[in-house]
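K.L.:
Provided below: run.tsv, containing TSV, C-alpha atoms and all ligand atoms.
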```tsv
chain	number	residue	atom	x	y	z
T	198	MET	CA	12.19	15.16	3.89
T	199	THR	CA	10.89	14.95	0.29
T	200	GLN	CA	7.45	13.46	0.15
T	201	PHE	CA	6.50	11.51	-2.93
T	202	ARG	CA	2.99	10.72	-4.17
T	203	SER	CA	1.66	7.38	-5.34
T	204	ARG	CA	-0.57	6.59	-8.34
T	205	ILE	CA	-2.30	3.60	-9.88
T	206	ALA	CA	-0.18	2.62	-12.88
T	207	GLY	CA	-2.18	-0.45	-13.92
T	208	THR	CA	-4.93	-2.82	-12.82
T	209	GLY	CA	-5.99	-6.36	-13.65
T	210	SER	CA	-8.57	-8.89	-12.52
T	211	PHE	CA	-9.40	-12.54	-12.94
T	212	LEU	CA	-12.49	-14.66	-12.28
T	213	PRO	CA	-12.41	-18.46	-12.41
T	214	GLU	CA	-14.35	-20.09	-15.25
T	215	LYS	CA	-16.96	-22.08	-13.33
T	216	ILE	CA	-20.22	-20.23	-12.61
T	217	LEU	CA	-22.71	-20.99	-9.84
T	218	THR	CA	-26.09	-19.41	-10.61
T	219	ASN	CA	-29.03	-18.70	-8.32
T	220	ALA	CA	-30.83	-21.53	-10.12
T	221	ASP	CA	-27.99	-23.89	-9.11
T	222	LEU	CA	-28.35	-22.75	-5.48
T	223	GLU	CA	-32.12	-23.38	-5.59
T	224	LYS	CA	-31.23	-27.07	-5.98
T	225	ILE	CA	-28.95	-27.03	-2.91
T	226	VAL	CA	-30.74	-24.88	-0.29
T	227	GLU	CA	-34.24	-23.52	0.29
T	228	THR	CA	-33.94	-20.27	-1.64
T	229	ASN	CA	-35.02	-18.78	-4.93
T	230	ASP	CA	-33.66	-16.50	-7.63
T	231	GLN	CA	-36.23	-13.76	-6.94
T	232	TRP	CA	-35.36	-13.56	-3.22
T	233	ILE	CA	-31.61	-13.44	-3.90
T	234	VAL	CA	-31.89	-10.80	-6.66
T	235	GLU	CA	-34.30	-8.59	-4.68
T	236	ARG	CA	-32.34	-8.78	-1.41
T	237	THR	CA	-28.79	-8.69	-2.78
T	238	GLY	CA	-28.62	-7.88	-6.52
T	239	ILE	CA	-26.67	-11.12	-7.12
T	240	LYS	CA	-27.52	-13.48	-10.02
T	241	SER	CA	-24.39	-15.63	-10.20
T	242	ARG	CA	-20.89	-16.06	-8.78
T	243	HIS	CA	-17.62	-17.60	-10.01
T	244	ILE	CA	-16.18	-20.63	-8.20
T	245	ALA	CA	-12.59	-21.87	-8.42
T	246	ALA	CA	-12.19	-25.46	-9.64
T	247	ASP	CA	-10.58	-28.06	-7.35
T	248	GLY	CA	-6.83	-27.54	-7.27
T	249	VAL	CA	-7.09	-23.84	-8.21
T	250	ASN	CA	-6.03	-21.76	-5.25
T	251	THR	CA	-6.01	-18.11	-4.18
T	252	SER	CA	-2.44	-17.60	-5.42
T	253	ASP	CA	-3.45	-18.89	-8.88
T	254	LEU	CA	-6.21	-16.29	-9.21
T	255	ALA	CA	-3.85	-13.63	-7.81
T	256	LEU	CA	-1.22	-14.59	-10.38
T	257	GLU	CA	-3.52	-14.02	-13.37
T	258	ALA	CA	-4.75	-10.67	-12.01
T	259	ALA	CA	-1.18	-9.56	-11.22
T	260	LYS	CA	0.10	-10.45	-14.71
T	261	ARG	CA	-2.68	-8.32	-16.27
T	262	ALA	CA	-1.90	-5.36	-13.98
T	263	LEU	CA	1.84	-5.57	-14.71
T	264	GLU	CA	1.15	-5.60	-18.44
T	265	VAL	CA	-0.88	-2.38	-18.23
T	266	ALA	CA	1.75	-0.73	-16.02
T	267	GLN	CA	4.45	-1.86	-18.48
T	268	LEU	CA	6.51	-3.35	-15.67
T	269	THR	CA	8.02	-6.79	-15.16
T	270	PRO	CA	7.79	-8.86	-11.95
T	271	LYS	CA	11.46	-8.06	-11.27
T	272	ASP	CA	10.56	-4.33	-11.03
T	273	LEU	CA	8.44	-4.95	-7.92
T	274	ASP	CA	9.71	-3.68	-4.55
T	275	MET	CA	6.86	-5.12	-2.49
T	276	ILE	CA	3.99	-7.59	-2.89
T	277	LEU	CA	0.89	-7.27	-0.70
T	278	VAL	CA	-1.89	-9.85	-0.89
T	279	ALA	CA	-5.12	-8.98	0.89
T	280	THR	CA	-6.97	-12.22	1.64
T	281	VAL	CA	-8.76	-14.22	4.31
T	282	SER	CA	-8.67	-17.39	2.23
T	283	GLY	CA	-4.96	-17.72	1.46
T	284	ASP	CA	-3.52	-20.98	0.10
T	285	GLN	CA	-2.50	-22.09	3.61
T	286	PRO	CA	-1.82	-20.46	7.02
T	287	MET	CA	1.94	-20.53	6.45
T	288	PRO	CA	3.77	-19.40	4.36
T	289	ASN	CA	1.79	-16.38	3.33
T	290	THR	CA	0.14	-16.23	-0.11
T	291	ALA	CA	2.23	-13.20	-1.09
T	292	CYS	CA	5.41	-15.34	-0.93
T	293	ILE	CA	3.75	-18.06	-3.02
T	294	LEU	CA	2.67	-15.41	-5.53
T	295	GLN	CA	6.17	-13.89	-5.60
T	296	HIS	CA	7.58	-17.26	-6.62
T	297	LYS	CA	4.86	-18.01	-9.21
T	298	LEU	CA	5.30	-14.54	-10.75
T	299	GLY	CA	9.07	-14.86	-10.90
T	300	ALA	CA	9.54	-11.62	-8.98
T	301	GLY	CA	12.80	-10.79	-7.23
T	302	GLN	CA	13.31	-11.30	-3.49
T	303	CYS	CA	11.23	-8.28	-2.53
T	304	MET	CA	9.17	-7.97	0.62
T	305	ALA	CA	5.98	-10.07	0.37
T	306	VAL	CA	3.25	-10.21	2.99
T	307	ASP	CA	-0.49	-10.87	3.40
T	308	ILE	CA	-3.01	-8.44	4.84
T	309	SER	CA	-5.89	-9.80	6.89
T	310	ALA	CA	-8.61	-7.16	6.90
T	311	ALA	CA	-11.36	-9.23	5.24
T	312	CYS	CA	-13.38	-7.29	2.67
T	313	THR	CA	-11.52	-4.05	3.46
T	314	GLY	CA	-8.24	-5.80	2.61
T	315	PHE	CA	-7.58	-4.11	-0.72
T	316	VAL	CA	-8.25	-0.64	0.73
T	317	TYR	CA	-5.88	-1.47	3.62
T	318	GLY	CA	-3.28	-2.72	1.08
T	319	LEU	CA	-3.54	0.38	-1.07
T	320	THR	CA	-3.06	2.52	2.03
T	321	ILE	CA	0.08	0.62	3.08
T	322	ALA	CA	1.49	0.85	-0.46
T	323	ASP	CA	0.75	4.59	-0.54
T	324	GLN	CA	2.66	5.10	2.71
T	325	PHE	CA	5.74	3.18	1.50
T	326	ILE	CA	5.77	5.30	-1.65
T	327	ARG	CA	5.19	8.62	0.13
T	328	THR	CA	8.28	8.04	2.28
T	329	GLY	CA	10.38	7.21	-0.78
T	330	THR	CA	11.13	3.69	0.48
T	331	TYR	CA	9.69	1.88	-2.57
T	332	LYS	CA	8.75	2.77	-6.16
T	333	ASN	CA	6.68	-0.14	-7.51
T	334	ILE	CA	4.24	-2.09	-5.36
T	335	LEU	CA	1.82	-4.86	-6.30
T	336	VAL	CA	-1.39	-4.86	-4.25
T	337	VAL	CA	-3.68	-7.84	-4.76
T	338	GLY	CA	-7.11	-8.69	-3.37
T	339	ALA	CA	-7.75	-12.42	-3.90
T	340	GLU	CA	-10.13	-14.96	-2.41
T	341	VAL	CA	-11.27	-18.54	-2.84
T	342	LEU	CA	-13.89	-18.02	-0.18
T	343	HIS	CA	-16.31	-20.68	-1.39
T	344	ARG	CA	-14.20	-23.30	0.42
T	345	TYR	CA	-15.17	-21.64	3.74
T	346	ILE	CA	-18.89	-21.46	2.99
T	347	ASN	CA	-21.51	-23.82	4.37
T	348	TYR	CA	-23.74	-24.66	1.42
T	349	LYS	CA	-26.46	-25.68	3.90
T	350	ASP	CA	-26.66	-22.11	5.27
T	351	ARG	CA	-28.83	-20.05	2.92
T	352	GLY	CA	-27.99	-16.88	4.84
T	353	THR	CA	-24.36	-16.98	3.65
T	354	CYS	CA	-23.98	-19.37	0.69
T	355	ILE	CA	-25.86	-17.10	-1.72
T	356	LEU	CA	-23.55	-14.16	-1.08
T	357	PHE	CA	-19.98	-15.18	-1.83
T	358	GLY	CA	-17.84	-15.93	-4.90
T	359	ASP	CA	-14.17	-16.33	-5.83
T	360	GLY	CA	-11.93	-13.92	-7.75
T	361	ALA	CA	-8.89	-11.68	-7.72
T	362	GLY	CA	-7.91	-8.15	-8.64
T	363	ALA	CA	-4.53	-6.44	-8.67
T	364	ALA	CA	-3.13	-2.92	-8.88
T	365	ILE	CA	0.38	-1.64	-9.48
T	366	ILE	CA	1.01	1.38	-7.28
T	367	THR	CA	3.98	3.44	-8.40
T	368	ARG	CA	5.72	6.66	-7.46
T	369	ALA	CA	4.09	9.53	-9.43
T	370	LYS	CA	6.35	11.81	-11.42
T	371	GLU	CA	6.40	15.40	-10.12
T	372	ASP	CA	4.36	16.81	-13.01
T	373	GLU	CA	1.86	13.93	-12.96
T	374	ASP	CA	-1.78	14.72	-12.26
T	375	SER	CA	-2.65	11.17	-11.28
T	376	LYS	CA	-2.22	10.55	-7.53
T	377	VAL	CA	-3.67	9.17	-4.31
T	378	TYR	CA	-5.04	12.16	-2.37
T	379	SER	CA	-5.62	10.46	0.97
T	380	THR	CA	-6.53	7.18	2.66
T	381	HIS	CA	-8.65	6.60	5.78
T	382	LEU	CA	-8.76	3.33	7.73
T	383	HIS	CA	-10.74	2.18	10.75
T	384	ALA	CA	-11.50	-0.95	12.77
T	385	ASP	CA	-13.91	-1.73	15.60
T	386	GLY	CA	-13.01	-5.01	17.28
T	387	SER	CA	-15.83	-4.63	19.83
T	388	ILE	CA	-18.29	-5.95	17.21
T	389	SER	CA	-15.98	-8.58	15.72
T	390	ASP	CA	-18.40	-11.38	16.65
T	391	LEU	CA	-20.81	-10.32	13.88
T	392	PHE	CA	-18.81	-12.01	11.14
T	393	VAL	CA	-16.40	-14.83	11.99
T	394	LEU	CA	-14.60	-17.94	10.75
T	395	PRO	CA	-14.14	-19.62	14.12
T	396	ALA	CA	-11.74	-22.53	13.48
T	397	GLY	CA	-8.27	-22.98	12.07
T	398	GLY	CA	-6.45	-20.55	14.33
T	399	SER	CA	-4.85	-21.11	17.73
T	400	ALA	CA	-8.16	-20.54	19.56
T	401	ILE	CA	-9.90	-23.48	17.86
T	402	PRO	CA	-7.33	-25.63	16.03
T	403	PHE	CA	-8.59	-28.27	13.63
T	404	SER	CA	-10.12	-31.37	15.25
T	405	ALA	CA	-12.96	-33.77	14.64
T	406	ARG	CA	-15.19	-31.40	16.65
T	407	VAL	CA	-14.52	-28.58	14.15
T	408	LEU	CA	-15.88	-30.68	11.29
T	409	GLU	CA	-18.84	-31.98	13.32
T	410	GLU	CA	-19.92	-28.47	14.35
T	411	GLY	CA	-19.02	-26.76	11.07
T	412	LEU	CA	-16.66	-24.32	12.76
T	413	HIS	CA	-14.55	-24.14	9.61
T	414	TYR	CA	-17.33	-22.20	7.88
T	415	VAL	CA	-18.05	-18.48	7.83
T	416	GLN	CA	-20.74	-17.42	10.34
T	417	MET	CA	-22.51	-14.10	9.96
T	418	LYS	CA	-25.22	-11.98	11.59
T	419	GLY	CA	-26.38	-10.55	8.26
T	420	ARG	CA	-28.87	-7.94	9.38
T	421	GLU	CA	-26.45	-6.44	11.93
T	422	ILE	CA	-23.59	-6.42	9.41
T	423	PHE	CA	-25.85	-4.62	6.93
T	424	LYS	CA	-26.38	-1.65	9.31
T	425	HIS	CA	-22.69	-1.34	10.17
T	426	ALA	CA	-21.74	-1.60	6.50
T	427	VAL	CA	-23.83	1.44	5.56
T	428	ARG	CA	-22.68	3.38	8.62
T	429	THR	CA	-18.94	2.68	8.32
T	430	MET	CA	-18.64	3.16	4.53
T	431	SER	CA	-20.66	6.40	4.69
T	432	HIS	CA	-18.41	7.65	7.50
T	433	ALA	CA	-15.18	6.71	5.66
T	434	CYS	CA	-16.36	8.50	2.51
T	435	ASP	CA	-17.42	11.62	4.47
T	436	GLU	CA	-13.98	11.63	6.06
T	437	ALA	CA	-12.17	11.43	2.69
T	438	LEU	CA	-14.20	14.28	1.19
T	439	THR	CA	-13.85	16.53	4.25
T	440	HIS	CA	-10.10	15.88	4.45
T	441	ASN	CA	-9.68	17.02	0.83
T	442	ASN	CA	-12.23	19.87	0.96
T	443	MET	CA	-14.22	18.16	-1.77
T	444	THR	CA	-17.94	17.77	-2.36
T	445	PRO	CA	-19.61	14.63	-3.77
T	446	ASP	CA	-20.14	16.31	-7.16
T	447	GLN	CA	-16.34	16.47	-7.58
T	448	VAL	CA	-16.19	12.67	-7.48
T	449	SER	CA	-16.60	11.00	-10.89
T	450	TRP	CA	-17.01	7.45	-9.58
T	451	VAL	CA	-17.59	5.72	-6.25
T	452	ILE	CA	-16.23	2.17	-6.17
T	453	PRO	CA	-17.72	0.51	-3.08
T	454	HIS	CA	-17.30	-2.97	-1.63
T	455	GLN	CA	-19.72	-5.23	-3.51
T	456	ALA	CA	-21.50	-7.07	-0.69
T	457	ASN	CA	-25.14	-6.25	-1.37
T	458	LEU	CA	-26.75	-3.90	-3.90
T	459	ARG	CA	-29.02	-2.49	-1.18
T	460	ILE	CA	-25.97	-1.57	0.96
T	461	ILE	CA	-24.41	0.18	-2.05
T	462	GLU	CA	-27.65	2.08	-2.77
T	463	ALA	CA	-27.91	3.17	0.88
T	464	VAL	CA	-24.34	4.56	0.84
T	465	ALA	CA	-25.02	6.40	-2.45
T	466	LYS	CA	-28.22	7.85	-0.96
T	467	HIS	CA	-26.27	9.09	2.07
T	468	PHE	CA	-24.11	11.17	-0.32
T	469	LYS	CA	-26.88	12.04	-2.71
T	470	ILE	CA	-24.64	10.50	-5.38
T	471	PRO	CA	-26.69	9.14	-8.32
T	472	MET	CA	-26.33	5.41	-8.89
T	473	ASP	CA	-25.00	6.04	-12.41
T	474	LYS	CA	-21.82	7.36	-10.76
T	475	VAL	CA	-21.41	4.19	-8.67
T	476	VAL	CA	-19.58	1.16	-10.07
T	477	VAL	CA	-21.76	-1.91	-9.46
T	478	GLU	CA	-20.40	-5.30	-10.52
T	479	ILE	CA	-22.13	-7.53	-7.99
T	480	GLU	CA	-24.62	-9.19	-10.37
T	481	ASP	CA	-22.19	-11.77	-11.80
T	482	THR	CA	-19.34	-11.65	-9.25
T	483	ALA	CA	-21.19	-11.66	-5.87
T	484	ASN	CA	-19.08	-10.80	-2.81
T	485	THR	CA	-15.43	-11.73	-3.44
T	486	SER	CA	-14.38	-10.13	-0.13
T	487	ALA	CA	-10.94	-8.45	-0.42
T	488	ALA	CA	-11.17	-8.63	-4.23
T	489	THR	CA	-14.47	-6.79	-4.87
T	490	VAL	CA	-13.20	-3.19	-4.96
T	491	ILE	CA	-10.25	-3.88	-7.24
T	492	ILE	CA	-12.25	-6.19	-9.55
T	493	ALA	CA	-14.94	-3.49	-9.90
T	494	LEU	CA	-12.29	-0.80	-10.49
T	495	ASP	CA	-10.49	-2.87	-13.11
T	496	ARG	CA	-13.68	-3.74	-15.00
T	497	ALA	CA	-14.81	-0.10	-15.09
T	498	ILE	CA	-11.37	0.97	-16.36
T	499	ARG	CA	-11.28	-1.72	-19.04
T	500	ASP	CA	-14.78	-0.99	-20.40
T	501	GLY	CA	-14.02	2.75	-20.54
T	502	ARG	CA	-16.33	4.02	-17.80
T	503	ILE	CA	-13.35	5.21	-15.73
T	504	GLN	CA	-10.93	7.56	-17.50
T	505	ARG	CA	-7.58	9.06	-16.51
T	506	GLY	CA	-8.00	12.41	-14.74
T	507	GLN	CA	-11.21	11.42	-12.91
T	508	ASN	CA	-11.58	11.54	-9.13
T	509	LEU	CA	-12.39	8.13	-7.65
T	510	LEU	CA	-13.66	7.28	-4.18
T	511	LEU	CA	-13.00	3.69	-3.09
T	512	THR	CA	-14.66	2.41	0.06
T	513	ALA	CA	-15.05	-0.92	1.85
T	514	PHE	CA	-16.02	-2.61	5.11
T	515	GLY	CA	-15.50	-6.16	6.30
T	516	ALA	CA	-15.08	-8.58	9.20
T	517	GLY	CA	-13.30	-7.00	12.11
T	518	ILE	CA	-15.27	-4.77	11.68
T	519	THR	CA	-12.77	-3.04	9.39
T	520	SER	CA	-13.62	-0.13	7.11
T	521	GLY	CA	-11.95	2.55	5.06
T	522	SER	CA	-11.77	4.77	2.00
T	523	VAL	CA	-9.28	6.00	-0.57
T	524	LEU	CA	-9.75	9.20	-2.58
T	525	LEU	CA	-7.57	9.41	-5.67
T	526	ARG	CA	-7.18	10.97	-9.08
T	527	TYR	CA	-6.88	8.13	-11.58
X	601	LIG	O1	-18.59	-8.42	3.19
X	601	LIG	C1	-19.51	-8.43	4.23
X	601	LIG	C2	-20.29	-9.68	4.18
X	601	LIG	N1	-21.61	-9.67	4.67
X	601	LIG	C3	-22.58	-8.86	4.26
X	601	LIG	O2	-22.42	-7.92	3.54
X	601	LIG	C4	-23.96	-9.21	4.73
X	601	LIG	C5	-24.85	-8.01	4.90
X	601	LIG	N2	-26.23	-8.45	5.06
X	601	LIG	C6	-27.01	-8.77	4.00
X	601	LIG	O3	-26.59	-8.67	2.86
X	601	LIG	C7	-28.43	-9.20	4.29
X	601	LIG	O4	-28.68	-9.06	5.67
X	601	LIG	C8	-28.72	-10.66	3.84
X	601	LIG	C9	-28.76	-10.73	2.32
X	601	LIG	C10	-27.70	-11.62	4.39
X	601	LIG	C11	-30.11	-11.07	4.33
X	601	LIG	O5	-31.07	-10.15	3.84
X	601	LIG	P1	-32.15	-9.51	4.85
X	601	LIG	O6	-33.04	-8.67	4.04
X	601	LIG	O7	-31.38	-8.85	5.96
X	601	LIG	O8	-32.92	-10.78	5.33
X	601	LIG	P2	-33.12	-11.33	6.82
X	601	LIG	O9	-31.87	-11.94	7.34
X	601	LIG	O10	-33.77	-10.26	7.63
X	601	LIG	O11	-34.16	-12.49	6.56
X	601	LIG	C12	-35.50	-12.22	6.06
X	601	LIG	C13	-36.17	-13.54	5.77
X	601	LIG	C14	-36.02	-14.54	6.91
X	601	LIG	O12	-37.21	-15.28	7.00
X	601	LIG	P3	-38.32	-14.96	8.12
X	601	LIG	O13	-37.63	-15.14	9.43
X	601	LIG	O14	-38.74	-13.54	7.88
X	601	LIG	O15	-39.41	-15.96	7.84
X	601	LIG	C15	-34.89	-15.45	6.46
X	601	LIG	O16	-34.97	-16.73	7.03
X	601	LIG	O17	-35.56	-14.18	4.64
X	601	LIG	C16	-35.15	-15.50	4.96
X	601	LIG	N3	-33.95	-15.84	4.19
X	601	LIG	C17	-34.00	-16.35	2.96
X	601	LIG	N4	-35.02	-16.70	2.16
X	601	LIG	C18	-34.70	-17.20	0.94
X	601	LIG	C19	-32.66	-15.66	4.55
X	601	LIG	N5	-31.84	-16.07	3.56
X	601	LIG	C20	-32.65	-16.50	2.57
X	601	LIG	C21	-32.40	-17.04	1.29
X	601	LIG	N6	-33.45	-17.37	0.52
X	601	LIG	N7	-31.15	-17.23	0.82
```
Would you mind writing the file out in structure tokens?
P.N.:
Amino acid sequence: MTQFRSRIAGTGSFLPEKILTNADLEKIVETNDQWIVERTGIKSRHIAADGVNTSDLALEAAKRALEVAQLTPKDLDMILVATVSGDQPMPNTACILQHKLGAGQCMAVDISAACTGFVYGLTIADQFIRTGTYKNILVVGAEVLHRYINYKDRGTCILFGDGAGAAIITRAKEDEDSKVYSTHLHADGSISDLFVLPAGGSAIPFSARVLEEGLHYVQMKGREIFKHAVRTMSHACDEALTHNNMTPDQVSWVIPHQANLRIIEAVAKHFKIPMDKVVVEIEDTANTSAATVIIALDRAIRDGRIQRGQNLLLTAFGAGITSGSVLLRY
């Protein structure tokens, strides 16, 4: 059987206009700018206005990615939306996006892998292209997570923001240098209790009790998550390099999940990769969950840091605990 290779043909991202700064948060919870910057590297985050939903952010990012790839919505064979804050539980956000984009009746489905969602999506797209099933796939990471955050909990409310990023994954031509080398995914459900959104599913459906106890908000054991984040992303990156017989110096850029600057620095230290080869966009975006990796990638492409022909290592971890990496030549 002929095996095809996939490549990133275009990327796009979108952040809502409204900005919530650390100074704004100081007025809401007992925290301060210095603590947040020193412990996380975050100064501000974008917040979607009322009535603006995950599919709206996804739409803007997708349009920008399609424009770069020089494709139209009708060219798409599959739409994947990685999100844990979709417009509603049913139908999926990918179907809503398909309609808003004016795409054809292609397959459209959401991926629930929290902050690793985009890396999971890219992997699924890569597999559909390798087998020759599809040629053009839209992979989106999009979140309006602020609606699931308890702004009385200083341990979580400082960390998260809203945003979306999108990539068009296409079949590479035979003589094309640009390609996905390999993808590596993991999950460890035995520690899933470290980061949860308890209500809204069949285990705890919505009720007055949910609102009283705040079970519709994200709950996190931050310090524990921190350790697993460094461990799982380091492991996923090691795996990608070993699989491709590559050394860290052959990687031009690492694009990690943007959860905390100290986590990113610890992963870079593990590889002895200098921080000037790591894309860091957390300062004004905060943690946009499934969207962080693709937003960071898109911004670094658009400002010229990332160039065609460079080797990129994408890595993420998230609730689940999910984790993974993608090694590719851009
Ligand atoms: O996509 C994955 C999502 N989650 C993550 O990535 C979270 C990973 N974890 C982290 O980023 C860090 O653990 C946090 C930023 C959440 C917390 O940083 P930390 O250095 O692990 O702080 P800590 O939880 O150990 O708390 C240290 C102190 C505590 O006070 P005491 O008990 O020492 O008196 C906290 O109560 O800092 C206090 N604290 C705060 N102080 C000011 C916790 N949050 C805040 C805050 N402002 N926002």
K.L.:
Find the spatial neighbours of region 330-345 of chain T, counting all atoms listed in the file, within a cut-off of 8 Å - ignore same-chain residues fewer than 5 positions away - and output them as JSON, numbers by chain.
P.N.:
{"T": [244, 245, 250, 251, 252, 254, 255, 258, 259, 272, 273, 274, 275, 276, 277, 278, 279, 280, 281, 282, 283, 314, 315, 318, 319, 322, 325, 357, 358, 359, 360, 361, 362, 363, 364, 365, 366, 367, 368, 394, 413, 414, 415, 485, 486, 487, 488, 489, 491]}
K.L.:
Those selected residues, please, written with C-alpha atoms and delivered as a PDB file, in the coordinates of the input.
P.N.:
```pdb
ATOM      1  CA  ILE T 244     -16.180 -20.630  -8.200  1.00  0.00           C
ATOM      2  CA  ALA T 245     -12.590 -21.870  -8.420  1.00  0.00           C
ATOM      3  CA  ASN T 250      -6.030 -21.760  -5.250  1.00  0.00           C
ATOM      4  CA  THR T 251      -6.010 -18.110  -4.180  1.00  0.00           C
ATOM      5  CA  SER T 252      -2.440 -17.600  -5.420  1.00  0.00           C
ATOM      6  CA  LEU T 254      -6.210 -16.290  -9.210  1.00  0.00           C
ATOM      7  CA  ALA T 255      -3.850 -13.630  -7.810  1.00  0.00           C
ATOM      8  CA  ALA T 258      -4.750 -10.670 -12.010  1.00  0.00           C
ATOM      9  CA  ALA T 259      -1.180  -9.560 -11.220  1.00  0.00           C
ATOM     10  CA  ASP T 272      10.560  -4.330 -11.030  1.00  0.00           C
ATOM     11  CA  LEU T 273       8.440  -4.950  -7.920  1.00  0.00           C
ATOM     12  CA  ASP T 274       9.710  -3.680  -4.550  1.00  0.00           C
ATOM     13  CA  MET T 275       6.860  -5.120  -2.490  1.00  0.00           C
ATOM     14  CA  ILE T 276       3.990  -7.590  -2.890  1.00  0.00           C
ATOM     15  CA  LEU T 277       0.890  -7.270  -0.700  1.00  0.00           C
ATOM     16  CA  VAL T 278      -1.890  -9.850  -0.890  1.00  0.00           C
ATOM     17  CA  ALA T 279      -5.120  -8.980   0.890  1.00  0.00           C
ATOM     18  CA  THR T 280      -6.970 -12.220   1.640  1.00  0.00           C
ATOM     19  CA  VAL T 281      -8.760 -14.220   4.310  1.00  0.00           C
ATOM     20  CA  SER T 282      -8.670 -17.390   2.230  1.00  0.00           C
ATOM     21  CA  GLY T 283      -4.960 -17.720   1.460  1.00  0.00           C
ATOM     22  CA  GLY T 314      -8.240  -5.800   2.610  1.00  0.00           C
ATOM     23  CA  PHE T 315      -7.580  -4.110  -0.720  1.00  0.00           C
ATOM     24  CA  GLY T 318      -3.280  -2.720   1.080  1.00  0.00           C
ATOM     25  CA  LEU T 319      -3.540   0.380  -1.070  1.00  0.00           C
ATOM     26  CA  ALA T 322       1.490   0.850  -0.460  1.00  0.00           C
ATOM     27  CA  PHE T 325       5.740   3.180   1.500  1.00  0.00           C
ATOM     28  CA  PHE T 357     -19.980 -15.180  -1.830  1.00  0.00           C
ATOM     29  CA  GLY T 358     -17.840 -15.930  -4.900  1.00  0.00           C
ATOM     30  CA  ASP T 359     -14.170 -16.330  -5.830  1.00  0.00           C
ATOM     31  CA  GLY T 360     -11.930 -13.920  -7.750  1.00  0.00           C
ATOM     32  CA  ALA T 361      -8.890 -11.680  -7.720  1.00  0.00           C
ATOM     33  CA  GLY T 362      -7.910  -8.150  -8.640  1.00  0.00           C
ATOM     34  CA  ALA T 363      -4.530  -6.440  -8.670  1.00  0.00           C
ATOM     35  CA  ALA T 364      -3.130  -2.920  -8.880  1.00  0.00           C
ATOM     36  CA  ILE T 365       0.380  -1.640  -9.480  1.00  0.00           C
ATOM     37  CA  ILE T 366       1.010   1.380  -7.280  1.00  0.00           C
ATOM     38  CA  THR T 367       3.980   3.440  -8.400  1.00  0.00           C
ATOM     39  CA  ARG T 368       5.720   6.660  -7.460  1.00  0.00           C
ATOM     40  CA  LEU T 394     -14.600 -17.940  10.750  1.00  0.00           C
ATOM     41  CA  HIS T 413     -14.550 -24.140   9.610  1.00  0.00           C
ATOM     42  CA  TYR T 414     -17.330 -22.200   7.880  1.00  0.00           C
ATOM     43  CA  VAL T 415     -18.050 -18.480   7.830  1.00  0.00           C
ATOM     44  CA  THR T 485     -15.430 -11.730  -3.440  1.00  0.00           C
ATOM     45  CA  SER T 486     -14.380 -10.130  -0.130  1.00  0.00           C
ATOM     46  CA  ALA T 487     -10.940  -8.450  -0.420  1.00  0.00           C
ATOM     47  CA  ALA T 488     -11.170  -8.630  -4.230  1.00  0.00           C
ATOM     48  CA  THR T 489     -14.470  -6.790  -4.870  1.00  0.00           C
ATOM     49  CA  ILE T 491     -10.250  -3.880  -7.240  1.00  0.00           C
TER      50      ILE T 491
END
```
K.L.:
Residues within 9 Å of ligand LIG 601 (chain X) (only C-alpha atoms and all ligand atoms), as a PyMOL selection string?
P.N.:
chain T and resi 222-223+226-233+235-237+311-313+350-357+392+417-426+454-460+484-487+513-516
K.L.:
Find, counting only C-alpha atoms, the residue in T:Gln200, T:Asn347, T:Thr429, T:Ser241 that gets nearest to Val464 (chain T).
P.N.:
T:Thr429
K.L.:
Give me, as an MDAnalysis selection string, all polymer residues having an atom no more than 6 Å from Val523 (chain T), counting only C-alpha atoms and skipping those fewer than 5 positions away in the same chain.
P.N.:
chainID T and resid 379:380 510:511
K.L.:
For CA of Lys466 (chain T) and CA of Ala493 (chain T), quote the distance in Å rounded to one decimal.
P.N.:
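A separation of 19.6 Å between them.
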K.L.:
Could you check which of T:Asn508, T:Thr439, T:Ser431, T:Ser375 is closest to Lys469 (chain T), using all atoms listed in the file?
P.N.:
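Closest residue, counting all atoms listed in the file: T:Ser431.
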K.L.:
Counting all atoms listed in the file, which residue out of T:Gln267, T:Gln416, T:Thr519, T:Gln285 sits closest to Ile346 (chain T)?
P.N.:
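Closest candidate: T:Gln416.
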K.L.:
Leaving out Thr444 (chain T) and any residue of its chain fewer than 4 positions from it, which residues lie within 10 Å of it when counting all atoms listed in the file, given as a VMD selection string?
P.N.:
chain T and resid 435 437 to 439 448 468
K.L.:
Pick from T:Val393, T:Val490, T:Leu525, T:Leu217: nearest to Ser449 (chain T), with all atoms listed in the file counted?
P.N.:
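Result for the nearest residue to Ser449 (chain T): T:Leu525.
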K.L.:
Any idea what's packed within 8 Å of Leu494 (chain T), counting only C-alpha atoms, ignoring anything in its chain fewer than 5 positions away? Could you give it as a short mmCIF file (atom, residue, chain, number, x, y, z; two decimals) with C-alpha atoms, keeping the file's coordinate frame?
P.N.:
```cif
data_model
loop_
_atom_site.label_atom_id
_atom_site.label_comp_id
_atom_site.auth_asym_id
_atom_site.auth_seq_id
_atom_site.Cartn_x
_atom_site.Cartn_y
_atom_site.Cartn_z
CA THR T 208 -4.93 -2.82 -12.82
CA ILE T 452 -16.23 2.17 -6.17
CA VAL T 476 -19.58 1.16 -10.07
#
```
K.L.:
Skip Gly517 (chain T) itself and residues of its chain fewer than 4 positions away, then list as a ChimeraX atom specification all residues within 8 Å of it, counting all atoms listed in the file.
P.N.:
/T:310-311,384-386,388-389,392
K.L.:
Enclose the full set of atoms of region 388-394 of chain T listed in the file within a box whose edges lie along x, y and z, apply 5 Å of padding to each of the six sides, and report centre and edge lengths in Å to one decimal as JSON.
P.N.:
```
{"center_x": -17.7, "center_y": -11.9, "center_z": 14.0, "size_x": 16.2, "size_y": 22.0, "size_z": 16.5}
```
